[in-house]
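Asks: Below is the structure I would like to discuss, written out as structure tokens.
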Amino acid sequence: MSADLRLRLSIPHDSRVRCRTGSNRTGAVTANASVDGPVIRLGAGMPWRKRIGFGGGRITDATSATDRKPGSANVMTRELFWGFLKIGLSGFGGVLPFARRMIIEQRRWLTEQEFTEVLSLAQFLPGPNIVNVSVIVGRRFQGPTGAVAATLGLMLMPLVIILLLATLYTEFAQVDAVRNACNGVSASASGLVVAVALRMAQPIRRTSWKIGIGAIAFVAIGPARLPLLWVLAVLAPVSIAIAFRRRR
Amino acid sequence: MIPPLLVELALQFLVLSLLSIGGANAVIPEMHLRAVDIEHWMTDADFSQLFALSQAAPGPNVLIVSLIGWKVAGVAGALVAMLAMCGPSSVLTYQVARAWDRFRDAPLRIAIEQGLAPVTVGLILASGYVLTRTTDHGWPAYAVTGTTLLLAMTTRLHPLWMLAAAAGLGALGVV
């Protein structure tokens with residue numbers, strides 16, 4: 001679907017489509033076109049050259065827009081910085097939904113599929129998920145410069161705002177109402193964290209060994225308060241080994 | 001000469017950075033353990049207030065790290081803690097992203113993804129547990145936590161409204 005959308009956008013600009021008849025036929029062309037690897041196929045049987053009436057060869061311009069490779073991309077460092085600045089400012093209690101909407105729908109930097117791949121990589125590697133997303137997306141388009149620009153953009157404003165808030169808070173921490181409001185927020189936010197965990201548990205709840213591993217991790221870190229390093233050093237290899245043996 | 005406190009902050013978060021599989025939320029119990037019980041940088045109450053602030057501000061969850069740094073050593077502490085928390089994991093992510101496409105269908109890669117998912121779920125659930133134990137004193141607070149959980153699971157209400165309502169209840173002295 002998104003391939004179609006890209007094509008619709010890119011043909012008039014990149015390929016300089018001229019219709020011989022003068023009528024607006026581009027809509028009809030793009031509605032039938034589908035991108036299939038390096039080849040663009042047009043529907044409805046008729047030879048496309050005759051059907052639409054513009055020179056060959058330029059169609060490849062349109063494919064390059066969907067088939068972006070790292071380094072060959074057209075998202076500038078500046079765009080990465082401002083884009084992630086906006087992401088950083090828009091999220092309350094988790095930024096990922098906002099990042100998804102901006103990267104896929106608003107700026108069209110990645111397709112849905114590409115974003116899902118980026119996200120799964122960002123999630124299983126250590127580090128804050130959204131920071132990892134900014135590193136991967138920034139790198140994809142502009143290498144190290146892009147990764148740094150995207151991450152700086154992401155963190156800059158939230159960092160400034162939270163330090164201002166913290167300074168304000170110490171100023172007013174003596175006021176009972178402020179301190180109590182803060183207690184209310186943390187009680188509520190704890191519930192949000194539990195909700196995140198339960199939602200993440202949906203895909204694993206049908207597999208008994210995964211439930212077992214999750215339960216052990218919970219008990220070890222939660223009620224038992226064991227050090228994370230040791231828990232991970234034991235649990236992660238065991239869990240990966242089970243997953244490896246059970247693979248289809 | 002770098003103040004020893006900043007070095008200590010950096011060391012703690014450099015380690016946490018590489019342990020934070022599943023993101024910042026997954027290492028909240030470990031941050032609590034290190035900041036409150038091991039290093040004695042702050043009390044339980046301080047920690048829960050910093051957590052509340054980090055949730056009430058826009059931006060990623062990892063911001064709680066900068067607040068811990070700030071509490072320990074001011075603005076310099078905030079920057080050091082944040083850099084230490086994001087640095088090692090970002091470098092690792094950058095390197096792995098280069099090789100990622102080549103291992104798209106490798107069985108081991110899939111096994112790592114499948115195997116770490118339940119660990120992550122357990123860690124974040126443990127975070128919820130530790131936060132609830134740290135922040136909730138008395139049944140009104142537990143009621144707020146429970147109600148938020150219920151609303152978040154069953155409705156599409158924006159979390160900000162729940163936090164705002166809870167702040168209001170808190171300010172009125174209910175929680």
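How things are named: the first chain in the structure tokens is A, the next is B, and so on; residues count from 1 in each chain; ligands count from 1 in the order shown.
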Set the distance at 10 Å and use only C-alpha atoms: which residues neighbour segment 97-100 of chain A once local chain neighbours fewer than 4 positions away are removed? I'd like the list as JSON, numbers by chain.

Replies: {"A": [83, 84, 86, 87, 88, 89, 90, 91, 92, 104, 105, 106, 110, 112, 115, 116, 119, 130, 133, 134]}

Asks: Take the selection from the previous step and output its residues with N, CA and C atoms, as a PDB file, in the first residue's frame.

Replies:
ATOM      1  N   GLY A  83      13.138  16.279  13.149  1.00  0.00           N
ATOM      2  CA  GLY A  83      12.120  15.239  13.247  1.00  0.00           C
ATOM      3  C   GLY A  83      12.129  14.590  14.617  1.00  0.00           C
ATOM      4  N   PHE A  84      13.318  14.229  15.090  1.00  0.00           N
ATOM      5  CA  PHE A  84      13.392  13.562  16.392  1.00  0.00           C
ATOM      6  C   PHE A  84      13.176  14.544  17.542  1.00  0.00           C
ATOM      7  N   LYS A  86      10.912  16.771  17.469  1.00  0.00           N
ATOM      8  CA  LYS A  86       9.454  16.776  17.567  1.00  0.00           C
ATOM      9  C   LYS A  86       8.962  15.513  18.294  1.00  0.00           C
ATOM     10  N   ILE A  87       9.589  14.381  17.969  1.00  0.00           N
ATOM     11  CA  ILE A  87       9.208  13.133  18.641  1.00  0.00           C
ATOM     12  C   ILE A  87       9.445  13.260  20.143  1.00  0.00           C
ATOM     13  N   GLY A  88      10.617  13.806  20.508  1.00  0.00           N
ATOM     14  CA  GLY A  88      10.962  13.935  21.918  1.00  0.00           C
ATOM     15  C   GLY A  88       9.960  14.793  22.673  1.00  0.00           C
ATOM     16  N   LEU A  89       9.435  15.811  22.016  1.00  0.00           N
ATOM     17  CA  LEU A  89       8.518  16.723  22.676  1.00  0.00           C
ATOM     18  C   LEU A  89       7.096  16.197  22.761  1.00  0.00           C
ATOM     19  N   SER A  90       6.753  15.252  21.888  1.00  0.00           N
ATOM     20  CA  SER A  90       5.337  14.916  21.787  1.00  0.00           C
ATOM     21  C   SER A  90       4.894  13.798  22.717  1.00  0.00           C
ATOM     22  N   GLY A  91       5.847  13.006  23.240  1.00  0.00           N
ATOM     23  CA  GLY A  91       5.410  11.833  23.987  1.00  0.00           C
ATOM     24  C   GLY A  91       5.304  12.067  25.477  1.00  0.00           C
ATOM     25  N   PHE A  92       4.199  11.636  26.053  1.00  0.00           N
ATOM     26  CA  PHE A  92       4.104  11.592  27.508  1.00  0.00           C
ATOM     27  C   PHE A  92       4.029  10.132  27.924  1.00  0.00           C
ATOM     28  N   ILE A 104       6.477   6.868   9.980  1.00  0.00           N
ATOM     29  CA  ILE A 104       5.786   6.152   8.908  1.00  0.00           C
ATOM     30  C   ILE A 104       4.784   7.042   8.179  1.00  0.00           C
ATOM     31  N   GLU A 105       3.904   7.704   8.945  1.00  0.00           N
ATOM     32  CA  GLU A 105       2.769   8.366   8.295  1.00  0.00           C
ATOM     33  C   GLU A 105       3.066   9.790   7.872  1.00  0.00           C
ATOM     34  N   GLN A 106       3.717  10.559   8.772  1.00  0.00           N
ATOM     35  CA  GLN A 106       3.877  11.970   8.444  1.00  0.00           C
ATOM     36  C   GLN A 106       5.052  12.235   7.511  1.00  0.00           C
ATOM     37  N   LEU A 110      10.235   5.676   6.628  1.00  0.00           N
ATOM     38  CA  LEU A 110      10.274   4.218   6.560  1.00  0.00           C
ATOM     39  C   LEU A 110       8.879   3.692   6.270  1.00  0.00           C
ATOM     40  N   GLU A 112       5.945   0.723   7.008  1.00  0.00           N
ATOM     41  CA  GLU A 112       5.477   0.022   8.200  1.00  0.00           C
ATOM     42  C   GLU A 112       6.400  -1.164   8.521  1.00  0.00           C
ATOM     43  N   PHE A 115       9.836  -0.137   9.705  1.00  0.00           N
ATOM     44  CA  PHE A 115       9.806   0.363  11.078  1.00  0.00           C
ATOM     45  C   PHE A 115       9.708  -0.788  12.072  1.00  0.00           C
ATOM     46  N   THR A 116       8.900  -1.795  11.734  1.00  0.00           N
ATOM     47  CA  THR A 116       8.767  -2.945  12.626  1.00  0.00           C
ATOM     48  C   THR A 116      10.110  -3.647  12.810  1.00  0.00           C
ATOM     49  N   LEU A 119      12.240  -1.545  15.046  1.00  0.00           N
ATOM     50  CA  LEU A 119      11.767  -1.611  16.419  1.00  0.00           C
ATOM     51  C   LEU A 119      12.170  -2.914  17.103  1.00  0.00           C
ATOM     52  N   ILE A 130      13.708   3.900  22.432  1.00  0.00           N
ATOM     53  CA  ILE A 130      13.543   4.995  21.478  1.00  0.00           C
ATOM     54  C   ILE A 130      14.899   5.590  21.091  1.00  0.00           C
ATOM     55  N   VAL A 133      16.139   3.368  18.465  1.00  0.00           N
ATOM     56  CA  VAL A 133      15.463   3.669  17.195  1.00  0.00           C
ATOM     57  C   VAL A 133      16.122   4.871  16.528  1.00  0.00           C
ATOM     58  N   SER A 134      16.409   5.908  17.303  1.00  0.00           N
ATOM     59  CA  SER A 134      17.016   7.107  16.710  1.00  0.00           C
ATOM     60  C   SER A 134      18.407   6.796  16.166  1.00  0.00           C
TER      61      SER A 134
END

Asks: Using only C-alpha atoms, find which residues of chain A lie within 7 Å of chain B and jot them down as a ChimeraX atom specification.

Replies: /A:88-95,123-129,132,135-136,158,162,177-178,180-195,197,200-201,204,210-211,213-215,217-218,221-222,227-229,236,239-240,243-244

Asks: What is the atom CA of Gly69 of chain B to atom CA of Trp161 of chain B distance in Å?

Replies: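 It comes out at 28.3 Å.
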
Asks: Find the distance between atom CA of Ala233 of chain A and atom CA of Trp209 of chain A and write it in Å to one decimal.

Replies: 18.1 Å
